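Next comes input26.csv, with CSV, C-alpha atoms.
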chain,number,residue,atom,x,y,z
G,1,LEU,CA,0.0,0.0,0.0
G,2,ARG,CA,2.8,2.4,0.8
G,3,GLU,CA,4.6,1.6,-2.5
G,4,VAL,CA,1.5,2.3,-4.6
G,5,GLY,CA,0.9,5.5,-2.7
G,6,ASP,CA,-2.2,4.6,-0.7
G,7,LEU,CA,-0.7,6.1,2.5
G,8,THR,CA,-4.0,6.4,4.3
G,9,ARG,CA,-4.8,2.7,4.1
G,10,ALA,CA,-1.1,1.8,4.7
G,11,GLU,CA,-1.1,3.8,7.9
G,12,ALA,CA,-4.4,2.1,9.1
G,13,VAL,CA,-3.1,-1.4,8.3
G,14,CYS,CA,0.2,-0.8,10.1
G,15,ARG,CA,-1.5,0.7,13.2
G,16,GLN,CA,-3.7,-2.3,13.4
G,17,ALA,CA,-0.8,-4.7,13.0
G,18,ALA,CA,1.1,-2.8,15.7
G,19,ASN,CA,-1.4,-4.2,18.2
G,20,ALA,CA,-0.4,-7.8,17.6
G,21,ALA,CA,0.6,-9.9,20.5
G,22,GLU,CA,3.7,-11.3,18.8
G,23,PRO,CA,6.6,-8.9,19.5
G,24,ARG,CA,8.3,-9.7,16.1
G,25,VAL,CA,5.1,-8.7,14.3
G,26,ARG,CA,4.5,-5.6,16.5
G,27,ALA,CA,8.1,-4.4,16.0
G,28,ALA,CA,7.9,-4.9,12.2
G,29,ALA,CA,4.6,-3.1,12.0
G,30,LEU,CA,5.9,-0.1,14.0
G,31,TYR,CA,8.9,0.1,11.6
G,32,ASN,CA,6.6,0.0,8.6
G,33,LEU,CA,4.4,2.6,10.2
G,34,GLY,CA,7.4,4.9,10.5
G,35,ARG,CA,8.1,4.4,6.8
G,36,VAL,CA,4.6,5.4,6.0
G,37,LEU,CA,4.7,8.4,8.3
G,38,GLU,CA,8.0,9.5,6.7
G,39,ARG,CA,6.3,9.4,3.3
G,40,ARG,CA,3.5,11.6,4.8
G,41,ARG,CA,6.3,13.9,6.0
G,42,ASP,CA,5.3,13.6,9.6
G,43,THR,CA,8.9,13.3,10.9
G,44,ALA,CA,8.0,13.5,14.6
G,45,ALA,CA,5.5,10.7,14.4
G,46,ALA,CA,7.9,8.6,12.3
G,47,LEU,CA,10.6,8.9,14.9
G,48,ALA,CA,8.2,7.9,17.7
G,49,ALA,CA,7.2,4.8,15.7
G,50,TYR,CA,10.9,3.8,15.2
G,51,ARG,CA,11.7,4.3,18.9
G,52,ASP,CA,8.6,2.2,19.8
G,53,SER,CA,9.8,-0.5,17.4
G,54,LEU,CA,13.3,-0.6,19.0
G,55,GLN,CA,11.7,-0.8,22.5
G,56,VAL,CA,9.9,-4.0,21.4
G,57,ARG,CA,12.8,-5.6,19.5
G,58,HIS,CA,16.2,-4.1,18.7
G,59,THR,CA,17.1,-4.5,15.0
G,60,ARG,CA,19.8,-2.9,13.0
G,61,ILE,CA,17.6,-1.6,10.1
G,62,VAL,CA,15.3,0.3,12.5
G,63,ARG,CA,18.3,1.8,14.4
G,64,GLU,CA,20.0,2.9,11.2
G,65,ARG,CA,16.7,4.5,10.0
G,66,LEU,CA,16.4,6.4,13.3
G,67,ILE,CA,20.0,7.6,13.1
G,68,ALA,CA,19.5,8.8,9.5
G,69,LEU,CA,16.4,10.7,10.4
G,70,ASP,CA,17.4,12.3,13.7
G,71,PRO,CA,21.0,13.6,14.3
G,72,THR,CA,20.6,13.2,18.1
G,73,ALA,CA,18.9,9.8,18.2
G,74,THR,CA,20.2,7.0,20.4
G,75,SER,CA,18.8,3.6,21.2
G,76,GLU,CA,18.6,1.6,24.5
G,77,VAL,CA,21.9,-0.1,23.5
G,78,THR,CA,23.9,3.1,23.9
G,79,ARG,CA,21.6,5.4,25.9
G,80,THR,CA,23.9,6.8,28.6
G,81,HIS,CA,23.1,7.0,32.3
G,82,PRO,CA,24.7,9.3,35.0
G,83,LEU,CA,27.2,8.0,37.6
G,84,GLN,CA,26.6,8.8,41.2
G,85,GLY,CA,28.7,11.7,42.6
G,86,PRO,CA,30.7,13.6,43.1
G,87,VAL,CA,32.2,12.1,46.3
G,88,ALA,CA,35.5,12.9,47.9
G,89,SER,CA,36.6,9.2,47.8
G,90,LEU,CA,35.3,5.8,46.8
G,91,GLU,CA,35.6,4.3,50.3
G,92,PRO,CA,32.4,5.9,51.8
G,93,TRP,CA,30.3,4.8,48.8
G,94,CYS,CA,31.7,1.3,48.9
G,95,THR,CA,31.1,1.0,52.7
G,96,GLN,CA,27.5,2.1,52.3
G,97,GLN,CA,26.9,-0.3,49.4
G,98,GLY,CA,28.7,-3.3,51.1
G,99,GLU,CA,31.5,-3.3,48.5
G,100,ARG,CA,35.2,-3.6,48.8
G,101,CYS,CA,37.1,-1.0,46.8
G,102,GLY,CA,40.6,-1.5,48.1
G,103,PRO,CA,43.3,-3.6,46.4
G,104,SER,CA,42.2,-7.3,46.2
G,105,ASP,CA,41.9,-10.2,43.9
G,106,VAL,CA,38.7,-8.7,42.4
G,107,THR,CA,40.4,-5.4,41.5
G,108,ILE,CA,40.7,-5.0,37.7
G,109,VAL,CA,43.7,-2.9,36.7
G,110,ALA,CA,42.7,-1.0,33.6
G,111,ALA,CA,45.9,0.0,31.9
G,112,LEU,CA,46.0,2.8,29.4
G,113,ALA,CA,47.7,1.9,26.1
G,114,ASP,CA,50.7,4.0,25.1
G,115,PRO,CA,50.5,5.7,21.7
G,116,ASP,CA,53.8,4.0,21.0
G,117,PRO,CA,53.0,0.3,20.3
G,118,SER,CA,56.5,-0.7,21.5
G,119,GLN,CA,55.6,0.5,25.0
G,120,LYS,CA,53.6,-1.5,27.5
G,121,PRO,CA,50.3,-0.2,28.8
G,122,ASP,CA,50.7,2.1,31.8
G,123,PRO,CA,48.4,1.3,34.8
G,124,ALA,CA,49.0,4.8,36.3
G,125,TRP,CA,46.9,7.7,35.3
G,126,PRO,CA,48.9,10.9,35.7
G,127,PRO,CA,46.4,13.7,36.6
G,128,GLY,CA,45.7,16.1,33.9
G,129,GLN,CA,47.2,14.0,31.1
G,130,HIS,CA,44.1,12.2,30.0
G,131,ALA,CA,41.5,14.9,30.3
G,132,PRO,CA,38.8,14.9,31.6
G,133,TRP,CA,39.8,11.7,33.5
G,134,ASP,CA,42.2,11.8,36.4
G,135,GLU,CA,41.8,8.2,37.6
G,136,LEU,CA,39.9,5.0,36.9
G,137,ARG,CA,39.2,2.0,39.2
G,138,ILE,CA,37.1,-1.1,38.5
G,139,PHE,CA,36.1,-3.8,40.9
G,140,VAL,CA,34.1,-7.0,40.7
G,141,SER,CA,31.0,-6.5,42.9
G,142,GLN,CA,30.9,-8.2,46.2
G,143,VAL,CA,27.1,-7.8,46.4
G,144,HIS,CA,25.9,-8.8,42.9
G,145,GLU,CA,27.8,-11.6,41.3
G,146,THR,CA,27.3,-10.4,37.7
G,147,GLU,CA,28.2,-6.8,38.3
G,148,CYS,CA,31.2,-4.6,38.5
G,149,VAL,CA,31.8,-1.2,40.2
G,150,VAL,CA,33.4,1.5,38.1
G,151,GLY,CA,34.9,4.7,39.7
G,152,LEU,CA,35.9,7.7,37.5
G,153,ARG,CA,37.7,10.7,39.0
G,154,THR,CA,37.5,14.1,37.4
G,155,LYS,CA,38.5,17.5,38.7
G,156,ARG,CA,35.1,17.6,40.6
G,157,GLY,CA,35.8,14.4,42.5
G,158,TRP,CA,34.9,10.7,42.2
G,159,PHE,CA,31.8,9.4,40.3
G,160,VAL,CA,30.9,5.8,40.8
G,161,ASP,CA,28.2,3.3,39.9
G,162,ARG,CA,27.6,-0.4,39.2
G,163,ILE,CA,27.9,-2.0,35.7
G,164,PRO,CA,25.1,-4.6,35.4
G,165,ASP,CA,26.0,-7.7,33.4
G,166,CYS,CA,29.7,-6.9,33.6
G,167,ALA,CA,31.7,-9.2,31.3
G,168,ALA,CA,34.6,-9.2,33.7
G,169,ALA,CA,32.5,-10.4,36.7
G,170,HIS,CA,31.5,-13.8,35.2
G,171,TYR,CA,34.7,-15.8,35.7
G,172,SER,CA,38.4,-15.7,36.4
G,173,GLY,CA,41.0,-14.1,34.2
G,174,HIS,CA,39.6,-10.6,34.6
G,175,GLU,CA,41.0,-8.0,32.1
G,176,ALA,CA,40.2,-4.5,31.1
G,177,GLU,CA,41.5,-2.5,28.1
G,178,VAL,CA,41.2,1.3,28.0
G,179,GLN,CA,41.2,3.5,25.0
G,180,LEU,CA,40.7,7.3,24.9
G,181,ASP,CA,39.1,8.8,21.8
G,182,ASP,CA,38.0,12.4,21.2
G,183,ALA,CA,35.3,11.3,18.8
G,184,ILE,CA,32.2,13.1,20.0
G,185,ALA,CA,32.1,16.9,19.5
G,186,GLY,CA,29.5,17.5,22.2
G,187,ALA,CA,31.7,15.9,25.0
G,188,GLU,CA,34.5,17.4,26.9
G,189,GLY,CA,37.9,16.0,26.1
G,190,ASN,CA,38.3,12.3,25.6
G,191,GLU,CA,35.6,9.6,25.7
G,192,LEU,CA,36.7,6.6,27.6
G,193,GLN,CA,36.2,3.2,25.8
G,194,LEU,CA,36.5,0.4,28.2
G,195,VAL,CA,36.6,-3.2,27.0
G,196,LEU,CA,36.0,-5.8,29.8
G,197,ARG,CA,36.9,-9.5,29.4
G,198,SER,CA,36.9,-12.6,31.4
G,199,PHE,CA,37.4,-16.3,30.7
G,200,ASP,CA,36.7,-19.6,32.5
G,201,PRO,CA,38.9,-22.6,31.6
G,202,TYR,CA,37.3,-26.0,31.9
G,203,ARG,CA,37.7,-29.5,30.6
G,204,THR,CA,35.4,-30.9,27.9
G,205,TRP,CA,35.2,-34.1,25.9
G,206,ASP,CA,36.6,-34.1,22.4
G,207,PRO,CA,34.7,-36.7,20.3
G,208,ALA,CA,37.3,-36.6,17.5
G,209,SER,CA,40.3,-37.7,19.7
G,210,GLN,CA,38.1,-39.5,22.3
G,211,HIS,CA,40.0,-37.7,25.0
G,212,SER,CA,39.1,-34.8,27.3
G,213,ALA,CA,40.5,-31.4,26.3
G,214,TYR,CA,40.8,-27.9,27.7
G,215,ALA,CA,38.4,-25.2,26.5
G,216,THR,CA,37.3,-21.7,27.7
G,217,GLU,CA,34.1,-19.9,28.1
G,218,ASP,CA,34.7,-16.2,27.2
G,219,HIS,CA,32.9,-13.0,27.9
G,220,GLU,CA,33.7,-9.6,26.4
G,221,ALA,CA,31.8,-6.3,26.4
G,222,VAL,CA,32.5,-2.6,25.8
G,223,LEU,CA,31.4,0.4,27.9
G,224,VAL,CA,31.7,4.0,26.7
G,225,CYS,CA,31.9,6.9,29.2
G,226,GLY,CA,32.0,10.6,28.6
G,227,LEU,CA,31.6,14.0,30.1
G,228,GLY,CA,29.0,16.4,28.7
G,229,PRO,CA,27.8,19.9,29.6
G,230,SER,CA,26.2,18.6,32.8
G,231,GLY,CA,29.7,18.0,34.3
G,232,ILE,CA,28.5,14.5,35.4
G,233,PRO,CA,30.1,11.5,33.7
G,234,HIS,CA,27.6,9.3,31.9
G,235,CYS,CA,28.2,5.7,30.6
G,236,THR,CA,26.5,3.5,28.2
G,237,PRO,CA,25.2,0.1,29.3
G,238,SER,CA,27.6,-2.9,28.9
G,239,ILE,CA,27.4,-3.9,25.2
G,240,GLY,CA,28.2,-7.5,24.6
G,241,LEU,CA,30.8,-8.2,21.9
G,242,ILE,CA,30.6,-11.9,21.8
G,243,SER,CA,27.8,-14.4,22.2
G,244,THR,CA,28.5,-17.7,24.1
G,245,ASP,CA,24.9,-18.8,23.9
G,246,ASP,CA,25.2,-20.1,20.3
G,247,ALA,CA,28.9,-19.9,19.8
G,248,THR,CA,30.7,-22.4,17.5
G,249,PRO,CA,34.3,-22.5,16.3
G,250,GLU,CA,33.1,-20.5,13.2
G,251,SER,CA,31.3,-17.9,15.3
G,252,GLY,CA,32.4,-14.3,15.0
G,253,GLY,CA,32.1,-11.3,17.3
G,254,LEU,CA,32.2,-7.5,17.3
G,255,ALA,CA,35.1,-5.0,17.6
G,256,PRO,CA,34.4,-1.4,18.6
G,257,SER,CA,35.8,1.6,16.7
G,258,TRP,CA,34.8,5.2,15.9
G,259,ALA,CA,33.8,6.8,12.6
G,260,HIS,CA,32.3,10.3,12.1
G,261,GLY,CA,31.4,10.6,15.7
G,262,LEU,CA,29.5,7.3,15.8
G,263,LEU,CA,30.4,4.1,17.6
G,264,VAL,CA,30.8,1.3,15.0
G,265,LEU,CA,30.6,-2.3,16.0
G,266,ASP,CA,32.4,-4.2,13.2
G,267,PRO,CA,32.0,-8.0,12.7
G,268,VAL,CA,35.3,-9.8,13.3
G,269,ALA,CA,36.2,-13.4,12.6
G,270,ASP,CA,38.0,-14.1,15.9
G,271,PRO,CA,36.2,-12.4,18.9
G,272,TRP,CA,38.9,-13.7,21.3
G,273,HIS,CA,41.8,-12.2,19.3
G,274,ASP,CA,45.1,-11.2,21.0
G,275,ALA,CA,44.6,-7.7,22.4
G,276,ASP,CA,47.9,-6.6,20.8
G,277,ALA,CA,46.8,-7.8,17.3
G,278,GLU,CA,44.3,-6.3,14.9
G,279,PRO,CA,41.0,-8.3,14.7
G,280,SER,CA,40.4,-9.9,11.3
G,281,PRO,CA,37.2,-9.0,9.4
G,282,CYS,CA,34.3,-11.4,9.5
G,283,ARG,CA,33.9,-12.7,5.9
G,284,ASP,CA,32.4,-15.9,4.3
G,285,GLY,CA,34.0,-18.4,6.8
G,286,CYS,CA,32.6,-16.5,9.8
G,287,VAL,CA,29.1,-16.7,11.2
G,288,LEU,CA,27.9,-13.9,13.3
G,289,PRO,CA,25.2,-15.0,15.9
G,290,ALA,CA,21.8,-13.4,15.3
G,291,ARG,CA,21.9,-11.2,18.4
G,292,LEU,CA,25.3,-9.7,17.3
G,293,ARG,CA,24.1,-9.2,13.7
G,294,GLU,CA,21.5,-6.8,15.0
G,295,LEU,CA,24.1,-4.9,17.1
G,296,ALA,CA,26.6,-4.6,14.3
G,297,GLY,CA,26.9,-1.3,12.5
G,298,ARG,CA,26.6,2.3,13.7
G,299,HIS,CA,25.5,3.6,17.1
G,300,ARG,CA,25.1,7.2,18.3
G,301,VAL,CA,26.4,8.0,21.8
G,302,SER,CA,25.7,11.3,23.5
G,303,PHE,CA,26.5,12.8,26.9
G,304,PRO,CA,24.1,15.4,28.4
What would the structure in this file look like if it were written as structure tokens?
Amino acid sequence: LREVGDLTRAEAVCRQAANAAEPRVRAAALYNLGRVLERRRDTAAALAAYRDSLQVRHTRIVRERLIALDPTATSEVTRTHPLQGPVASLEPWCTQQGERCGPSDVTIVAALADPDPSQKPDPAWPPGQHAPWDELRIFVSQVHETECVVGLRTKRGWFVDRIPDCAAAHYSGHEAEVQLDDAIAGAEGNELQLVLRSFDPYRTWDPASQHSAYATEDHEAVLVCGLGPSGIPHCTPSIGLISTDDATPESGGLAPSWAHGLLVLDPVADPWHDADAEPSPCRDGCVLPARLRELAGRHRVSFP
């Protein structure tokens, strides 16, 4: 109906279908409603339909349409939230929350990579050299087993909060990689891109050799934090870069990068690549799990 120009009937059919009980149908109907409303040049209503579609079911095509239509649009995947603060130090917050924020086996040292690749990452954050950030600390939560606690210090003091579904909290082998990028014009100084990883080694049965073998279950996610005009650091949710639910030896993952102020999640063939090596692109021999296929592509991140 939209293609033949009968926009009145097309809108009525899409609105009726948007009441379906099946989420997949409802999400698709809302997307198509947005397309119809765009043709009717009702941009505000089209944007509302796209946002409603993403709330029901996140898909790449709807997110891309939203970004193309609205220069400020974000989705739930990258919608930022404020950290708590400022506080003079982390200890009072941790004590109140029942967390341990001192040095321990659950402390994740997030080293900042040196621009010179021949130099090792530096775990120290000299104040004033990585503006607007003076210090970063990450801990595996003692209260919620799947969460971490992140603390960011700016010139105003410490800002702290929990990271739900923290990749580094799942198993042993905690690791954090930090990258600073001045990619977003509306933010002060550098955005902080934090990749969290963990792995759990275990023994499994190899039917080919008829012997047990070692394997690992891996977790990896990216978190982006920044400082906007409010002066309060905001961070995205934890964005999963690999999927262990339906992983196979051919499964790929996602690698974060920046392009034209947008966060880009690129498909890669080896989601567990060496951190010092460049990930290889995901081509014909690589299968990206369905959840990651929808996350791949461009995402807008903004900091109020």
Give me the residues of stretch 120-150 of chain G that have any atom at most 9 Å from an atom of stretch 157-169 of chain G; for each, the nearest atom pair and the distance in Å, rounded to one decimal. Use only C-alpha atoms, sort by chain and number, and format it as a tab-separated table.
residue	atom	partner	partner_atom	distance
G:Glu135	CA	G:Trp158	CA	8.7
G:Phe139	CA	G:Ala169	CA	8.6
G:Val140	CA	G:Ala169	CA	5.5
G:Ser141	CA	G:Ala169	CA	7.5
G:His144	CA	G:Pro164	CA	8.6
G:Glu145	CA	G:Ala169	CA	6.7
G:Thr146	CA	G:Asp165	CA	5.2
G:Glu147	CA	G:Pro164	CA	4.8
G:Cys148	CA	G:Ile163	CA	5.0
G:Val149	CA	G:Arg162	CA	4.4
G:Val150	CA	G:Val160	CA	5.7
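Coordinates place atom CA of G:Arg35 at a distance of 18.4 Å from atom CA of G:Ala20.
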Excluding G:Pro256 and residues on its chain fewer than 3 positions from it, collect all residues at most 8 Å away from it, counting only C-alpha atoms, and give them as a short mmCIF file (atom, residue, chain, number, x, y, z; two decimals) with C-alpha atoms, keeping the file's coordinate frame.
data_model
loop_
_atom_site.label_atom_id
_atom_site.label_comp_id
_atom_site.auth_asym_id
_atom_site.auth_seq_id
_atom_site.Cartn_x
_atom_site.Cartn_y
_atom_site.Cartn_z
CA VAL G 222 32.50 -2.60 25.80
CA LEU G 263 30.40 4.10 17.60
CA VAL G 264 30.80 1.30 15.00
CA LEU G 265 30.60 -2.30 16.00
CA ASP G 266 32.40 -4.20 13.20
#
- Selection near stretch 51-64 of chain G, 6 Å with all atoms listed in the file, sequence-local residues under 3 positions removed, as a ChimeraX atom specification: /G:27,30-31,48,67,294
Go through stretch 55-109 of chain G and flag each residue having an atom no more than 8 Å from stretch 228-241 of chain G; for those, report the closest pair of atoms plus their distance in Å to one decimal, using only C-alpha atoms, ordered by chain and rising number, as a tab-separated table.
residue	atom	partner	partner_atom	distance
G:Val77	CA	G:Pro237	CA	6.7
G:Thr78	CA	G:Thr236	CA	5.0
G:Arg79	CA	G:Thr236	CA	5.7
G:Thr80	CA	G:Thr236	CA	4.2
G:His81	CA	G:His234	CA	5.1
G:Pro82	CA	G:His234	CA	4.2
G:Leu83	CA	G:His234	CA	5.9
G:Gly85	CA	G:Ile232	CA	7.7
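Here atom CA of G:Arg293 and atom CA of G:Arg39 stand 27.8 Å from one another.
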- Query: Which one is closest to G:Pro71: G:Leu90, G:Val109, G:Leu47, G:Leu33? Count only C-alpha atoms.
  - Reply: G:Leu47
Is it possible to get the residues within 8 Å of (27.0, 5.8, 19.6) (coordinates as in the file, counting only C-alpha atoms) written as a PDB file with C-alpha atoms, in the coordinates of the input?
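Once everything was written out, this is out-v5.pdb:
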ATOM      1  CA  THR G  74      20.200   7.000  20.400  1.00  0.00           C
ATOM      2  CA  THR G  78      23.900   3.100  23.900  1.00  0.00           C
ATOM      3  CA  GLY G 261      31.400  10.600  15.700  1.00  0.00           C
ATOM      4  CA  LEU G 262      29.500   7.300  15.800  1.00  0.00           C
ATOM      5  CA  LEU G 263      30.400   4.100  17.600  1.00  0.00           C
ATOM      6  CA  VAL G 264      30.800   1.300  15.000  1.00  0.00           C
ATOM      7  CA  ARG G 298      26.600   2.300  13.700  1.00  0.00           C
ATOM      8  CA  HIS G 299      25.500   3.600  17.100  1.00  0.00           C
ATOM      9  CA  ARG G 300      25.100   7.200  18.300  1.00  0.00           C
ATOM     10  CA  VAL G 301      26.400   8.000  21.800  1.00  0.00           C
ATOM     11  CA  SER G 302      25.700  11.300  23.500  1.00  0.00           C
TER      12      SER G 302
END
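Here atom CA of G:Arg9 stands at a distance of 23.4 Å from atom CA of G:Leu66.
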- Query: Counting only C-alpha atoms, which of G:Thr107, G:Asn32, G:Thr8, G:Gln84 gets nearest to G:Arg65?
  - Reply: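 Nearest candidate to G:Arg65 out of G:Thr107, G:Asn32, G:Thr8, G:Gln84: G:Asn32.
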- Message: Restricting the calculation to all atoms listed in the file: of G:Pro304, G:Arg24, G:Ala110, G:His211, which residue gets closest to G:Gly186?
- Response: G:Pro304
- Task: Kindly provide, as an NGL selection string, the polymer residues lying within 6 Å of (32.0, -12.3, 25.8), counting only C-alpha atoms and using the coordinates exactly as they appear in the file.
- Result: :G and (218-220 or 241-243)
Provide an axis-aligned box for all listed atoms of stretch 69-75 of chain G, padding each side by 8 Å; report its centre and its edge lengths in Å to one decimal, as AutoDock Vina command-line options.
--center_x 18.7 --center_y 8.6 --center_z 15.8 --size_x 20.6 --size_y 26.0 --size_z 26.8
- Message: Let me make sure I understand: among G:Ala176, G:Ala49, G:Arg153, G:Arg40, which one has the smallest atom-to-atom distance to G:Arg26 if we use only C-alpha atoms?
- Response: G:Ala49
Could you add N, CA, C and O atoms to stretch 29-41 of chain G and give me the result as a JSON list (two decimals), in the frame of the given file?
[["chain", "number", "residue", "atom", "x", "y", "z"],
["G", 29, "ALA", "N", 5.66, -4.00, 12.36],
["G", 29, "ALA", "CA", 4.60, -3.10, 12.00],
["G", 29, "ALA", "C", 4.88, -1.67, 12.38],
["G", 29, "ALA", "O", 4.58, -0.73, 11.62],
["G", 30, "LEU", "N", 5.51, -1.48, 13.54],
["G", 30, "LEU", "CA", 5.90, -0.10, 14.00],
["G", 30, "LEU", "C", 6.94, 0.47, 13.03],
["G", 30, "LEU", "O", 6.92, 1.66, 12.72],
["G", 31, "TYR", "N", 7.88, -0.36, 12.58],
["G", 31, "TYR", "CA", 8.90, 0.10, 11.60],
["G", 31, "TYR", "C", 8.21, 0.55, 10.32],
["G", 31, "TYR", "O", 8.48, 1.63, 9.78],
["G", 32, "ASN", "N", 7.32, -0.30, 9.81],
["G", 32, "ASN", "CA", 6.60, 0.00, 8.60],
["G", 32, "ASN", "C", 5.72, 1.26, 8.74],
["G", 32, "ASN", "O", 5.55, 2.05, 7.81],
["G", 33, "LEU", "N", 5.15, 1.41, 9.93],
["G", 33, "LEU", "CA", 4.40, 2.60, 10.20],
["G", 33, "LEU", "C", 5.26, 3.84, 10.10],
["G", 33, "LEU", "O", 4.86, 4.87, 9.54],
["G", 34, "GLY", "N", 6.47, 3.74, 10.64],
["G", 34, "GLY", "CA", 7.40, 4.90, 10.50],
["G", 34, "GLY", "C", 7.73, 5.19, 9.09],
["G", 34, "GLY", "O", 7.81, 6.37, 8.71],
["G", 35, "ARG", "N", 7.89, 4.16, 8.25],
["G", 35, "ARG", "CA", 8.10, 4.40, 6.80],
["G", 35, "ARG", "C", 6.98, 5.15, 6.17],
["G", 35, "ARG", "O", 7.17, 6.05, 5.36],
["G", 36, "VAL", "N", 5.76, 4.73, 6.53],
["G", 36, "VAL", "CA", 4.60, 5.40, 6.00],
["G", 36, "VAL", "C", 4.53, 6.86, 6.44],
["G", 36, "VAL", "O", 4.28, 7.78, 5.64],
["G", 37, "LEU", "N", 4.78, 7.08, 7.72],
["G", 37, "LEU", "CA", 4.70, 8.40, 8.30],
["G", 37, "LEU", "C", 5.81, 9.33, 7.68],
["G", 37, "LEU", "O", 5.60, 10.54, 7.49],
["G", 38, "GLU", "N", 6.97, 8.73, 7.37],
["G", 38, "GLU", "CA", 8.00, 9.50, 6.70],
["G", 38, "GLU", "C", 7.49, 9.96, 5.31],
["G", 38, "GLU", "O", 7.71, 11.10, 4.90],
["G", 39, "ARG", "N", 6.82, 9.05, 4.59],
["G", 39, "ARG", "CA", 6.30, 9.40, 3.30],
["G", 39, "ARG", "C", 5.22, 10.51, 3.40],
["G", 39, "ARG", "O", 5.05, 11.32, 2.49],
["G", 40, "ARG", "N", 4.53, 10.54, 4.55],
["G", 40, "ARG", "CA", 3.50, 11.60, 4.80],
["G", 40, "ARG", "C", 4.19, 12.86, 5.35],
["G", 40, "ARG", "O", 3.50, 13.82, 5.69],
["G", 41, "ARG", "N", 5.52, 12.82, 5.51],
["G", 41, "ARG", "CA", 6.30, 13.90, 6.00],
["G", 41, "ARG", "C", 5.97, 14.34, 7.41],
["G", 41, "ARG", "O", 6.10, 15.51, 7.80]]
